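> The file below is run20.txt, compact mmCIF, C-alpha atoms:
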# COMPACT_ATOMS: atom_id res chain seq x y z
CA MET Q 89 -5.68 41.82 -45.43
CA LEU Q 90 -8.46 44.10 -44.30
CA HIS Q 91 -10.08 46.35 -46.89
CA ILE Q 92 -12.27 49.36 -46.23
CA VAL Q 93 -15.09 49.60 -48.77
CA THR Q 94 -17.38 52.60 -49.08
CA PRO Q 95 -19.75 53.73 -51.82
CA GLU Q 96 -16.81 55.71 -53.26
CA ASN Q 97 -14.60 52.68 -53.96
CA GLN Q 98 -17.21 49.94 -54.00
CA HIS Q 99 -16.83 49.53 -57.76
CA LEU Q 100 -13.30 48.20 -57.13
CA PHE Q 101 -14.60 45.50 -54.81
CA ARG Q 102 -17.68 44.18 -56.60
CA ASN Q 103 -16.76 40.53 -56.26
CA GLU Q 104 -15.75 40.89 -52.62
CA MET Q 105 -18.93 42.77 -51.68
CA GLU Q 106 -21.03 40.02 -53.28
CA GLN Q 107 -19.21 37.52 -51.10
CA ALA Q 108 -19.75 39.78 -48.08
CA TYR Q 109 -23.51 40.07 -48.58
CA ARG Q 110 -23.77 36.31 -48.94
CA LEU Q 111 -21.59 35.70 -45.87
CA ARG Q 112 -23.90 38.01 -43.94
CA HIS Q 113 -26.91 36.01 -45.09
CA ARG Q 114 -25.34 32.65 -44.23
CA VAL Q 115 -24.37 33.81 -40.75
CA PHE Q 116 -27.25 36.03 -39.67
CA VAL Q 117 -30.16 34.33 -41.44
CA ASP Q 118 -29.14 30.66 -41.81
CA GLU Q 119 -27.04 30.27 -38.70
CA MET Q 120 -28.40 32.78 -36.19
CA LYS Q 121 -31.95 32.53 -37.51
CA TRP Q 122 -32.61 36.27 -37.66
CA ALA Q 123 -35.49 35.59 -40.01
CA ASP Q 124 -36.49 39.19 -40.61
CA LEU Q 125 -33.19 39.75 -42.40
CA ALA Q 126 -33.87 36.99 -44.91
CA LYS Q 127 -33.70 37.90 -48.58
CA SER Q 128 -34.83 35.62 -51.38
CA ASP Q 129 -31.59 36.14 -53.36
CA GLY Q 130 -29.37 35.15 -50.42
CA ARG Q 131 -27.75 38.61 -50.15
CA GLU Q 132 -28.27 40.24 -46.77
CA ILE Q 133 -28.60 43.98 -47.42
CA ASP Q 134 -30.65 46.40 -45.34
CA GLN Q 135 -31.56 50.09 -45.16
CA PHE Q 136 -28.28 50.96 -43.45
CA ASP Q 137 -26.18 49.83 -46.42
CA ASN Q 138 -26.51 53.35 -47.77
CA GLU Q 139 -24.27 56.29 -48.69
CA HIS Q 140 -22.89 56.55 -45.13
CA VAL Q 141 -21.81 52.97 -44.65
CA VAL Q 142 -18.25 51.75 -44.12
CA HIS Q 143 -17.73 48.05 -44.85
CA MET Q 144 -14.61 46.23 -43.67
CA LEU Q 145 -13.71 42.99 -45.39
CA TYR Q 146 -11.06 40.50 -44.35
CA VAL Q 147 -9.88 39.02 -47.61
CA ASN Q 148 -7.45 36.17 -48.09
CA ASP Q 149 -6.54 35.10 -51.62
CA GLY Q 150 -9.65 36.74 -53.02
CA THR Q 151 -11.97 35.07 -50.49
CA VAL Q 152 -13.87 37.07 -47.90
CA LEU Q 153 -13.32 35.33 -44.56
CA GLY Q 154 -14.56 38.03 -42.21
CA TYR Q 155 -16.72 41.11 -42.31
CA GLN Q 156 -17.98 43.99 -40.23
CA ARG Q 157 -19.90 47.15 -40.92
CA MET Q 158 -19.52 50.59 -39.33
CA LEU Q 159 -22.37 53.09 -39.25
CA PRO Q 160 -22.08 56.74 -38.14
CA SER Q 161 -23.96 57.56 -34.93
CA THR Q 162 -24.97 60.85 -36.54
CA GLN Q 163 -27.15 59.00 -39.07
CA PRO Q 164 -29.93 56.42 -38.49
CA HIS Q 165 -28.34 53.23 -37.21
CA LEU Q 166 -29.36 50.04 -35.42
CA LEU Q 167 -29.49 51.50 -31.93
CA SER Q 168 -31.56 54.51 -33.03
CA GLU Q 169 -33.93 52.74 -35.42
CA VAL Q 170 -34.17 49.07 -34.48
CA LEU Q 171 -33.04 48.52 -30.88
CA PRO Q 172 -33.65 51.80 -29.01
CA GLN Q 173 -34.96 49.90 -25.97
CA LEU Q 174 -31.40 48.77 -25.20
CA CYS Q 175 -30.39 52.32 -24.30
CA GLU Q 176 -31.71 53.86 -21.05
CA ASP Q 177 -30.40 57.39 -21.40
CA GLU Q 178 -29.72 59.67 -24.34
CA ARG Q 179 -28.08 57.79 -27.16
CA PRO Q 180 -24.39 58.50 -27.72
CA VAL Q 181 -24.01 60.66 -30.84
CA GLY Q 182 -20.99 62.38 -32.37
CA PRO Q 183 -18.55 62.32 -35.28
CA HIS Q 184 -16.12 60.29 -33.15
CA ILE Q 185 -18.72 57.62 -32.34
CA TRP Q 186 -19.62 54.87 -34.81
CA GLU Q 187 -21.71 51.73 -34.47
CA TRP Q 188 -20.12 48.31 -35.05
CA THR Q 189 -22.55 45.93 -36.74
CA ARG Q 190 -22.80 42.66 -38.69
CA TYR Q 191 -19.52 41.29 -37.39
CA CYS Q 192 -19.17 37.79 -38.85
CA VAL Q 193 -16.47 35.25 -39.63
CA GLU Q 194 -16.56 32.23 -41.95
CA PRO Q 195 -17.28 29.21 -39.74
CA ALA Q 196 -14.03 27.46 -40.67
CA HIS Q 197 -11.98 30.48 -39.53
CA ARG Q 198 -13.53 31.03 -36.14
CA GLU Q 199 -12.16 30.35 -32.70
CA ARG Q 200 -10.45 27.04 -32.08
CA GLY Q 201 -11.64 26.55 -28.53
CA ARG Q 202 -12.81 29.89 -27.27
CA ALA Q 203 -9.85 32.27 -27.70
CA LEU Q 204 -9.82 35.02 -30.33
CA SER Q 205 -9.14 33.62 -33.82
CA PRO Q 206 -6.68 35.36 -36.19
CA VAL Q 207 -9.54 36.67 -38.36
CA ALA Q 208 -11.38 38.00 -35.28
CA ASN Q 209 -8.20 39.67 -34.07
CA ALA Q 210 -7.68 41.23 -37.51
CA LEU Q 211 -11.22 42.60 -37.61
CA LEU Q 212 -10.93 44.12 -34.13
CA SER Q 213 -7.48 45.51 -34.91
CA GLY Q 214 -8.90 46.98 -38.12
CA ILE Q 215 -11.49 48.97 -36.20
CA VAL Q 216 -8.87 50.35 -33.83
CA GLU Q 217 -6.45 51.22 -36.65
CA TRP Q 218 -9.24 52.87 -38.62
CA GLY Q 219 -10.36 54.76 -35.53
CA LEU Q 220 -6.85 55.95 -34.65
CA ASP Q 221 -6.34 57.09 -38.26
CA SER Q 222 -9.55 59.07 -38.41
CA GLY Q 223 -10.20 60.41 -34.91
CA ILE Q 224 -12.88 57.88 -34.01
CA SER Q 225 -12.48 56.79 -30.41
CA THR Q 226 -15.71 55.05 -29.49
CA ILE Q 227 -17.88 52.34 -30.95
CA ILE Q 228 -21.47 51.44 -30.10
CA ILE Q 229 -22.07 47.70 -29.94
CA GLU Q 230 -25.21 45.61 -29.47
CA MET Q 231 -23.85 42.22 -28.52
CA ASN Q 232 -24.05 38.99 -26.60
CA PRO Q 233 -23.04 39.93 -23.01
CA LEU Q 234 -20.35 37.25 -23.18
CA TRP Q 235 -18.25 39.57 -25.33
CA LEU Q 236 -18.00 42.07 -22.49
CA LEU Q 237 -15.21 40.38 -20.55
CA ARG Q 238 -13.11 40.07 -23.71
CA LEU Q 239 -13.49 43.77 -24.45
CA VAL Q 240 -12.55 44.74 -20.90
CA GLN Q 241 -9.43 42.56 -21.04
CA LEU Q 242 -8.47 44.14 -24.36
CA HIS Q 243 -8.47 47.56 -22.69
CA PHE Q 244 -11.62 48.79 -24.40
CA ARG Q 245 -13.28 51.10 -21.87
CA THR Q 246 -16.82 49.82 -22.03
CA VAL Q 247 -19.91 51.40 -20.51
CA PRO Q 248 -23.30 49.65 -20.64
CA LEU Q 249 -26.08 51.72 -22.22
CA GLY Q 250 -28.76 49.64 -20.50
CA LEU Q 251 -29.27 46.27 -18.82
CA PRO Q 252 -29.01 43.13 -20.98
CA GLN Q 253 -32.36 42.20 -22.48
CA LYS Q 254 -33.83 39.24 -24.31
CA ILE Q 255 -34.35 39.82 -28.02
CA GLY Q 256 -35.92 36.70 -29.47
CA ASP Q 257 -34.14 33.94 -27.60
CA GLN Q 258 -30.82 35.78 -27.21
CA ASP Q 259 -29.52 38.10 -24.50
CA VAL Q 260 -28.37 41.39 -25.96
CA LEU Q 261 -26.43 44.19 -24.30
CA ALA Q 262 -25.71 47.63 -25.78
CA VAL Q 263 -22.44 49.31 -24.78
CA THR Q 264 -20.10 52.03 -25.86
CA ALA Q 265 -16.52 50.85 -26.12
CA SER Q 266 -13.72 53.41 -26.25
CA PHE Q 267 -10.27 52.48 -27.43
CA ASP Q 268 -6.81 53.93 -27.88
CA ARG Q 269 -3.35 52.70 -28.77
CA ARG Q 270 -3.18 50.55 -25.68
CA THR Q 271 -6.01 48.51 -27.16
CA LEU Q 272 -4.10 48.05 -30.40
CA VAL Q 273 -0.93 47.02 -28.57
CA ARG Q 274 -2.92 44.42 -26.64
CA LEU Q 275 -4.39 43.01 -29.84
CA GLN Q 276 -0.93 42.94 -31.44
CA GLU Q 277 0.43 41.17 -28.39
CA MET Q 278 -2.24 38.49 -28.76
CA ARG Q 279 -1.40 37.79 -32.37
CA GLY Q 280 2.35 38.09 -31.86
CA ASN Q 281 3.11 40.81 -34.41
CA SER Q 282 2.60 44.53 -34.93
CA GLN Q 283 1.72 44.43 -38.62
CA ARG Q 284 -0.87 46.82 -39.91
CA MET Q 285 -4.10 44.96 -40.69
CA LEU Q 286 -5.70 47.62 -42.89
CA ALA Q 287 -4.66 47.51 -46.54
CA ASP Q 288 -5.02 51.24 -47.16
CA PRO Q 289 -2.19 53.53 -46.11
CA ALA Q 290 -3.17 55.74 -43.19
CA SER Q 291 -5.12 58.62 -44.65
CA PRO Q 292 -7.25 61.27 -43.01
CA ALA Q 293 -10.93 60.41 -43.02
CA ARG Q 294 -12.45 62.32 -45.85
CA ARG Q 295 -15.94 60.95 -45.48
CA LEU Q 296 -16.42 61.15 -41.81
CA VAL Q 297 -18.20 64.47 -41.60
CA GLY Q 298 -21.68 64.51 -40.11
CA MET G 22 -37.79 49.34 -12.03
CA SER G 23 -34.99 48.49 -14.40
CA ARG G 24 -34.07 52.17 -14.64
CA LYS G 25 -33.08 52.32 -10.97
CA VAL G 26 -31.27 49.02 -11.23
CA PHE G 27 -29.36 50.33 -14.23
CA ASP G 28 -28.37 53.47 -12.34
CA ARG G 29 -26.99 51.33 -9.52
CA THR G 30 -25.00 49.36 -12.06
CA ILE G 31 -23.42 52.51 -13.48
CA ALA G 32 -22.65 53.81 -9.98
CA PHE G 33 -20.88 50.56 -9.16
CA LEU G 34 -18.81 50.72 -12.35
CA ARG G 35 -17.63 54.23 -11.49
CA GLN G 36 -16.51 52.98 -8.11
CA LEU G 37 -14.83 49.96 -9.61
CA ASP G 38 -12.63 52.28 -11.68
CA GLN G 39 -11.08 53.41 -8.41
CA ALA G 40 -10.26 49.90 -7.21
CA ARG G 41 -6.50 49.58 -6.75
CA SER G 42 -6.38 46.02 -5.45
CA VAL G 43 -8.29 42.78 -5.74
CA GLY G 44 -9.36 43.35 -2.13
CA ASP G 45 -10.93 46.67 -3.18
CA VAL G 46 -12.89 44.93 -5.93
CA CYS G 47 -14.14 42.32 -3.46
CA ARG G 48 -15.21 44.91 -0.90
CA GLN G 49 -16.98 47.12 -3.42
CA LEU G 50 -18.79 44.18 -4.95
CA LEU G 51 -20.05 42.70 -1.69
CA GLN G 52 -21.23 46.11 -0.56
CA VAL G 53 -23.62 46.15 -3.51
CA THR G 54 -24.64 42.50 -3.32
CA ARG G 55 -25.15 42.19 0.44
CA PRO G 56 -28.67 43.69 0.35
CA PHE G 57 -29.70 40.78 -1.92
CA GLY G 58 -28.33 38.30 0.61
CA ALA G 59 -25.07 37.59 -1.20
CA GLU G 60 -22.36 37.84 1.45
CA TYR G 61 -19.82 35.66 -0.26
CA VAL G 62 -18.08 35.67 -3.62
CA LEU G 63 -15.87 33.17 -5.38
CA ALA G 64 -14.65 33.50 -8.93
CA GLY G 65 -12.05 31.68 -10.96
CA THR G 66 -11.23 29.73 -14.06
CA LEU G 67 -11.99 26.02 -14.15
CA PRO G 68 -9.12 23.62 -13.43
CA LEU G 69 -8.64 20.50 -15.51
CA PRO G 70 -9.87 17.19 -14.14
CA GLY G 71 -7.11 15.58 -12.10
CA SER G 72 -5.65 18.88 -10.91
CA THR G 73 -4.12 18.83 -7.44
CA ARG G 74 -5.49 20.91 -4.60
CA GLN G 75 -2.68 23.41 -5.19
CA GLN G 76 -3.46 23.68 -8.89
CA GLN G 77 -7.18 24.10 -8.22
CA LEU G 78 -6.47 26.91 -5.76
CA SER G 79 -4.24 28.67 -8.28
CA HIS G 80 -7.30 29.16 -10.50
CA VAL G 81 -9.11 31.26 -7.94
CA LEU G 82 -9.13 34.93 -8.95
CA LEU G 83 -11.47 36.60 -6.49
CA ALA G 84 -12.55 35.16 -3.16
CA GLN G 85 -14.40 35.97 -0.01
CA TRP G 86 -15.72 32.56 0.85
CA PRO G 87 -16.02 30.66 4.16
CA PRO G 88 -12.44 29.43 4.71
CA GLU G 89 -13.32 26.07 6.33
CA TRP G 90 -15.58 25.28 3.39
CA THR G 91 -12.90 26.31 0.90
CA GLN G 92 -10.42 23.99 2.59
CA ARG G 93 -12.84 21.09 2.59
CA TYR G 94 -14.00 21.76 -0.96
CA PHE G 95 -10.55 21.74 -2.53
CA ALA G 96 -9.11 19.00 -0.33
CA HIS G 97 -11.87 16.63 -1.44
CA GLY G 98 -11.90 17.70 -5.09
CA TYR G 99 -15.53 18.79 -4.74
CA ILE G 100 -15.09 21.08 -7.71
CA PHE G 101 -15.30 18.04 -9.96
CA ARG G 102 -18.63 16.95 -8.46
CA ASP G 103 -20.16 20.39 -8.03
CA PRO G 104 -23.35 20.62 -10.13
CA ALA G 105 -22.89 24.40 -10.44
CA ILE G 106 -19.48 23.86 -12.03
CA ARG G 107 -20.95 21.24 -14.34
CA ARG G 108 -23.57 23.76 -15.44
CA VAL G 109 -20.90 26.40 -16.10
CA THR G 110 -19.19 24.06 -18.56
CA SER G 111 -22.38 23.23 -20.40
CA SER G 112 -24.25 26.53 -20.63
CA THR G 113 -23.45 30.25 -20.78
CA MET G 114 -26.69 31.35 -19.07
CA PRO G 115 -26.37 32.70 -15.52
CA PHE G 116 -28.37 30.62 -13.02
CA LEU G 117 -29.60 30.45 -9.45
CA TRP G 118 -28.42 27.35 -7.61
CA ALA G 119 -32.08 26.62 -6.81
CA GLU G 120 -32.64 26.14 -10.56
CA LEU G 121 -30.08 23.34 -10.58
CA GLU G 122 -31.91 21.08 -8.14
CA PRO G 123 -33.78 18.99 -10.72
CA THR G 124 -30.48 18.21 -12.45
CA TYR G 125 -28.75 16.66 -9.44
CA ARG G 126 -31.68 15.23 -7.53
CA ASP G 127 -30.56 11.69 -8.41
CA SER G 128 -26.87 12.20 -7.85
CA PRO G 129 -25.77 11.62 -4.23
CA ALA G 130 -22.29 13.06 -4.81
CA ALA G 131 -23.65 16.32 -6.24
CA TRP G 132 -26.35 16.49 -3.58
CA ARG G 133 -23.74 16.16 -0.87
CA VAL G 134 -21.67 19.07 -2.20
CA MET G 135 -24.69 21.38 -2.23
CA LYS G 136 -25.92 20.20 1.18
CA GLU G 137 -22.51 20.67 2.82
CA ALA G 138 -22.20 24.12 1.24
CA SER G 139 -25.42 25.14 2.90
CA ASP G 140 -23.97 24.03 6.25
CA PHE G 141 -21.42 26.78 5.73
CA ARG G 142 -24.03 29.48 5.06
CA LEU G 143 -23.88 28.98 1.28
CA LYS G 144 -27.50 27.98 1.02
CA ASN G 145 -28.48 30.01 -2.03
CA GLY G 146 -26.28 31.20 -4.83
CA PHE G 147 -26.15 32.81 -8.24
CA THR G 148 -23.46 31.82 -10.73
CA VAL G 149 -22.45 33.61 -13.91
CA PRO G 150 -20.54 31.58 -16.52
CA LEU G 151 -17.92 33.66 -18.31
CA VAL G 152 -15.20 33.15 -20.90
CA THR G 153 -11.90 35.02 -20.69
CA LEU G 154 -10.06 36.57 -23.61
CA GLU G 155 -7.70 33.62 -23.58
CA GLY G 156 -10.63 31.26 -23.96
CA ASP G 157 -10.76 29.92 -20.40
CA ILE G 158 -14.16 29.14 -18.90
CA ALA G 159 -14.72 30.90 -15.60
CA GLY G 160 -17.44 30.74 -12.98
CA PHE G 161 -18.41 33.72 -10.87
CA SER G 162 -20.54 32.83 -7.84
CA LEU G 163 -22.32 34.97 -5.28
CA ALA G 164 -23.92 33.21 -2.32
CA GLY G 165 -25.42 33.51 1.14
CA GLU G 166 -28.11 32.16 3.46
CA ARG G 167 -30.78 33.67 1.27
CA LEU G 168 -30.74 35.28 -2.15
CA GLU G 169 -33.60 37.33 -3.55
CA VAL G 170 -33.21 38.88 -6.96
CA SER G 171 -35.72 40.20 -9.48
CA PRO G 172 -35.10 39.58 -13.21
CA SER G 173 -33.56 43.00 -13.74
CA GLU G 174 -31.42 42.51 -10.63
CA ARG G 175 -30.19 39.25 -12.14
CA ALA G 176 -29.18 41.21 -15.23
CA MET G 177 -27.37 43.72 -13.04
CA LEU G 178 -25.51 41.01 -11.13
CA THR G 179 -24.41 39.50 -14.43
CA LEU G 180 -22.87 42.82 -15.43
CA LEU G 181 -21.29 43.36 -12.01
CA ALA G 182 -19.75 39.90 -12.11
CA THR G 183 -18.32 40.48 -15.57
CA TYR G 184 -16.79 43.84 -14.73
CA ALA G 185 -15.52 42.67 -11.34
CA LEU G 186 -13.77 39.73 -12.97
CA GLY G 187 -12.38 41.89 -15.77
CA ARG G 188 -11.00 44.44 -13.32
CA THR G 189 -9.52 41.68 -11.17
CA ILE G 190 -7.74 40.12 -14.13
CA LEU G 191 -6.34 43.48 -15.26
CA LEU G 192 -5.24 44.37 -11.73
CA ARG G 193 -3.46 41.06 -11.33
CA GLU G 194 -1.62 41.67 -14.59
CA THR G 195 -0.51 45.15 -13.52
CA LEU G 196 0.45 44.11 -10.01
CA SER G 197 2.42 41.09 -11.16
CA ARG G 198 4.63 43.26 -13.36
CA PRO G 199 7.63 45.04 -11.84
CA GLN G 200 6.53 48.67 -11.56
CA VAL G 201 8.46 50.75 -14.08
CA SER G 202 8.90 54.41 -13.28
CA LEU G 203 10.14 56.67 -16.06
CA SER G 204 11.56 60.11 -15.40
CA PRO G 205 9.59 63.00 -16.92
CA ARG G 206 12.28 63.46 -19.60
CA GLU G 207 12.33 59.77 -20.43
CA ARG G 208 8.56 59.78 -20.72
CA GLU G 209 8.62 62.91 -22.88
CA ALA G 210 11.22 61.46 -25.26
CA LEU G 211 9.28 58.23 -25.57
CA GLN G 212 6.02 60.08 -26.17
CA TRP G 213 7.61 61.92 -29.10
CA ALA G 214 9.06 58.68 -30.39
CA ALA G 215 5.58 57.20 -30.22
CA GLU G 216 4.41 59.99 -32.53
CA GLY G 217 7.06 58.99 -35.05
CA LYS G 218 9.54 61.82 -34.42
CA SER G 219 13.20 61.31 -35.24
CA GLU G 220 15.89 61.78 -32.57
CA TRP G 221 16.75 65.16 -34.08
CA GLU G 222 13.10 66.30 -34.01
CA ILE G 223 12.73 65.09 -30.44
CA GLY G 224 15.84 67.06 -29.51
CA GLU G 225 14.30 70.17 -31.05
CA HIS G 226 11.07 69.68 -29.12
CA MET G 227 12.85 69.03 -25.83
CA GLY G 228 15.55 71.66 -26.31
CA ILE G 229 18.40 69.18 -25.99
CA SER G 230 20.95 67.58 -28.33
CA GLU G 231 20.45 64.30 -30.17
CA HIS G 232 23.00 62.85 -27.80
CA GLY G 233 20.82 63.92 -24.87
CA VAL G 234 17.78 62.30 -26.48
CA ASP G 235 19.71 59.10 -27.04
CA LYS G 236 20.66 59.04 -23.37
CA HIS G 237 17.02 59.28 -22.24
CA MET G 238 15.92 56.67 -24.78
CA ARG G 239 18.64 54.29 -23.68
CA SER G 240 17.74 54.52 -20.01
CA ALA G 241 14.04 54.15 -20.83
CA ARG G 242 14.80 51.02 -22.85
CA LEU G 243 16.76 49.63 -19.93
CA LYS G 244 13.97 50.29 -17.44
CA LEU G 245 11.37 48.75 -19.72
CA GLY G 246 13.57 45.76 -20.41
CA THR G 247 13.47 46.22 -24.18
CA THR G 248 16.18 46.33 -26.83
CA SER G 249 14.63 48.43 -29.57
CA ARG G 250 12.95 51.80 -29.77
CA THR G 251 9.79 50.33 -31.29
CA HIS G 252 9.58 47.73 -28.59
CA ALA G 253 10.10 50.35 -25.89
CA VAL G 254 7.27 52.47 -27.28
CA ALA G 255 4.91 49.48 -27.42
CA GLU G 256 5.78 48.39 -23.90
CA ALA G 257 5.32 51.92 -22.53
CA ILE G 258 1.90 52.15 -24.17
CA ARG G 259 0.97 48.72 -22.88
CA GLN G 260 1.81 49.73 -19.33
CA GLY G 261 -0.09 52.98 -19.66
CA LEU G 262 3.07 55.09 -19.18
CA ILE G 263 2.55 57.09 -22.39
CA ASN G 264 -0.45 57.56 -24.68
Before we go any further, please render this structure as structure tokens.

Amino acid sequence: MLHIVTPENQHLFRNEMEQAYRLRHRVFVDEMKWADLAKSDGREIDQFDNEHVVHMLYVNDGTVLGYQRMLPSTQPHLLSEVLPQLCEDERPVGPHIWEWTRYCVEPAHRERGRALSPVANALLSGIVEWGLDSGISTIIIEMNPLWLLRLVQLHFRTVPLGLPQKIGDQDVLAVTASFDRRTLVRLQEMRGNSQRMLADPASPARRLVG
Amino acid sequence: MSRKVFDRTIAFLRQLDQARSVGDVCRQLLQVTRPFGAEYVLAGTLPLPGSTRQQQLSHVLLAQWPPEWTQRYFAHGYIFRDPAIRRVTSSTMPFLWAELEPTYRDSPAAWRVMKEASDFRLKNGFTVPLVTLEGDIAGFSLAGERLEVSPSERAMLTLLATYALGRTILLRETLSRPQVSLSPREREALQWAAEGKSEWEIGEHMGISEHGVDKHMRSARLKLGTTSRTHAVAEAIRQGLIN
């Protein structure tokens, strides 16, 4: 089940958020060696985990198996503050555009082979469901260029914001990816059911102003 | 420098949106890559060891490659000795064939494949390893007598290869499906159904009776090959017939 956690309801998910911060640290610091994110207490939290953040947690039996974080393009985010060089033209900004960051899955629940794992599918489906519920149609992503083909096949309409560049020893590409119901249907097709992944009932976005 | 290259990338992507066939994709791609010396393209997923010539050929997705070489290559199972293919399975970094030379210098079989390729005007090439949504490894190669690319042009070619392959795969999916054509009324009824309207509400919107709505829904279901309303809506969305 996918839960949306914001500063408003964070107090209901204290245990899960602790797990999420530690998962982030294990994946981004220990595994991917992004040393500048390292924190001595093993909880990866940065300046964007603020009042505007939307966390999404994939929880199974009380354990956080997957995580991603959405940041509004209308506030400081990774592309504007940390990786502006990945964008050649004006940065995409608007209430319908959010940045997808810190996507990570517990190692044991990742792809068998190279196809999309159930947790990965759930996380992607969660973004699309959340977007369709709240009028968000486009996400900004800074990613390994290998993800691009997957997104195209899933019927995300992706547009590069710049050429891929080396950051540390990894190639990174910034894109905008727009989605609609076709994207959700494709994801549902891949997992063989049309269940809703988000735990919350569909409700209009109350926090998505500005 | 990279600004201009980026602009060319975006221009290509706009064009690619208009491609209606795999042939279109091929033509558009080679038009952009020819100035670098890449006159030929071959892209496909990797067949399993032991695959027959027929099976190997069925993995090809996009091709404009010297035909006599293609024949020779698949008839002799060269794909299993090709150092470029070996590299695709072991690394995700795009590479120039020239960069492979140290790796196959001591292998006569690999050397032979590369040497014979150059006899067919495939002297220099650039290959982009890719992974499809389904998890299949694919190789996307551009080649010609010469190939001159700057670092930012390499980055551009990597993007072009990815999008060209993506578009090809999507086109093949669309074209392999029987083309469903819904009448305007059928489409309208389904669109309302997609928004969660009941048959009565749809009737109100369309100015017809529930019975009339049911008739349109039934014929839409038949055309889409589905048995339930939910399934019909999903299939129509999937095929881009409604939003």
> Determine, using only C-alpha atoms, which residues of stretch 131-154 of chain Q have any atom at most 9 Å from an atom of stretch 179-195 of chain Q, and tabulate each with its shortest atom pair and distance in Å to one decimal place, rows ordered by chain and then rising number, as a tab-separated table.

residue	atom	partner	partner_atom	distance
Q:Tyr146	CA	Q:Val193	CA	8.9
Q:Val152	CA	Q:Glu194	CA	8.1
Q:Leu153	CA	Q:Glu194	CA	5.2
Q:Gly154	CA	Q:Val193	CA	4.2
> Taking only C-alpha atoms into account, which residues of chain Q are within 9 Å of chain G, as a ChimeraX atom specification?
/Q:176,199,201-204,233-243,247-253,268-271,273-274,278
> In Å, how far is it from atom CA of G:Glu222 to atom CA of Q:Gly219?
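If I compute the distance from atom CA of G:Glu222 to atom CA of Q:Gly219, I get 26.2 Å.
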> Got a sec: who's within 7 Å of G:Gly58, counting all atoms listed in the file, leaving out chain neighbours fewer than 2 positions off, as a VMD selection string?
chain G and resid 54 to 56 60 165 to 169
> How far is it from atom CA of G:Val81 to atom CA of G:Gly65, in Å with one decimal?
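According to the coordinates, atom CA of G:Val81 and atom CA of G:Gly65 are separated by 4.2 Å.
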> Which distance in Å separates atom CA of G:Leu243 and atom CA of Q:Gly280, to one decimal?
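Interatomic distance, atom CA of G:Leu243 to atom CA of Q:Gly280: 22.0 Å.
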> With only C-alpha atoms as the basis for distance, which of Q:Phe267, Q:Tyr155, Q:Tyr109, Q:Phe244 is at the shortest distance from Q:Val216?
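Smallest distance to Q:Val216 is found for Q:Phe267.
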> Starting from the point (9.2, 48.4, -14.2), work out which residues of protein, DNA or RNA have an atom no more than 10 Å away when counting only C-alpha atoms; state them as a count of residues only.
12
> Tell me which of G:Pro104, G:Leu196, G:Val62, G:His226 sits closest to G:Asp127, counting all atoms listed in the file.
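That would be G:Pro104, the residue with the smallest distance to G:Asp127.
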> So, with all atoms listed in the file as the atoms that count, which of G:Ala131, G:Arg206, G:Thr148, G:Ser139 lies closest to G:Thr110?
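That would be G:Thr148, the residue with the smallest distance to G:Thr110.
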> Quick one: residues within 10 Å of G:Trp90, all atoms listed in the file, excluding same-chain residues fewer than 2 positions away - as a PyMOL selection string?
chain G and resi 86-88+92-96+137-143
> List as a ChimeraX atom specification the protein and nucleic acid residues near G:His232, meaning an atom at most 10 Å away when all atoms listed in the file are counted, but skip any in the same chain fewer than 5 places from it.
/G:220-221,224,237-238
> Env of Q:His113: 8 Å cut, atoms = only C-alpha atoms, seq-sep filter 3 positions within chain, self excluded. Answer as a list in words.
Tyr109, Arg110, Phe116, Val117, Asp118, Leu125, Ala126, Lys127, Gly130, Arg131 and Glu132 of chain Q
> Looking at only C-alpha atoms, which of G:Leu69, G:Lys136, G:Leu37, G:Leu163 is the one that sits closest to G:Ala84?
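The closest residue to G:Ala84 is G:Leu163.
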> For G:Ala210, list every protein, DNA or RNA residue within 7 Å, evaluated using only C-alpha atoms, and leave out those in the same chain fewer than 2 positions away; present the list as a PDB file with C-alpha atoms, in the frame of the given file.

ATOM      1  CA  ARG G 206      12.280  63.460 -19.600  1.00  0.00           C
ATOM      2  CA  GLU G 207      12.330  59.770 -20.430  1.00  0.00           C
ATOM      3  CA  ARG G 208       8.560  59.780 -20.720  1.00  0.00           C
ATOM      4  CA  GLN G 212       6.020  60.080 -26.170  1.00  0.00           C
ATOM      5  CA  TRP G 213       7.610  61.920 -29.100  1.00  0.00           C
ATOM      6  CA  ALA G 214       9.060  58.680 -30.390  1.00  0.00           C
ATOM      7  CA  ILE G 223      12.730  65.090 -30.440  1.00  0.00           C
ATOM      8  CA  VAL G 234      17.780  62.300 -26.480  1.00  0.00           C
ATOM      9  CA  HIS G 237      17.020  59.280 -22.240  1.00  0.00           C
ATOM     10  CA  MET G 238      15.920  56.670 -24.780  1.00  0.00           C
TER      11      MET G 238
END
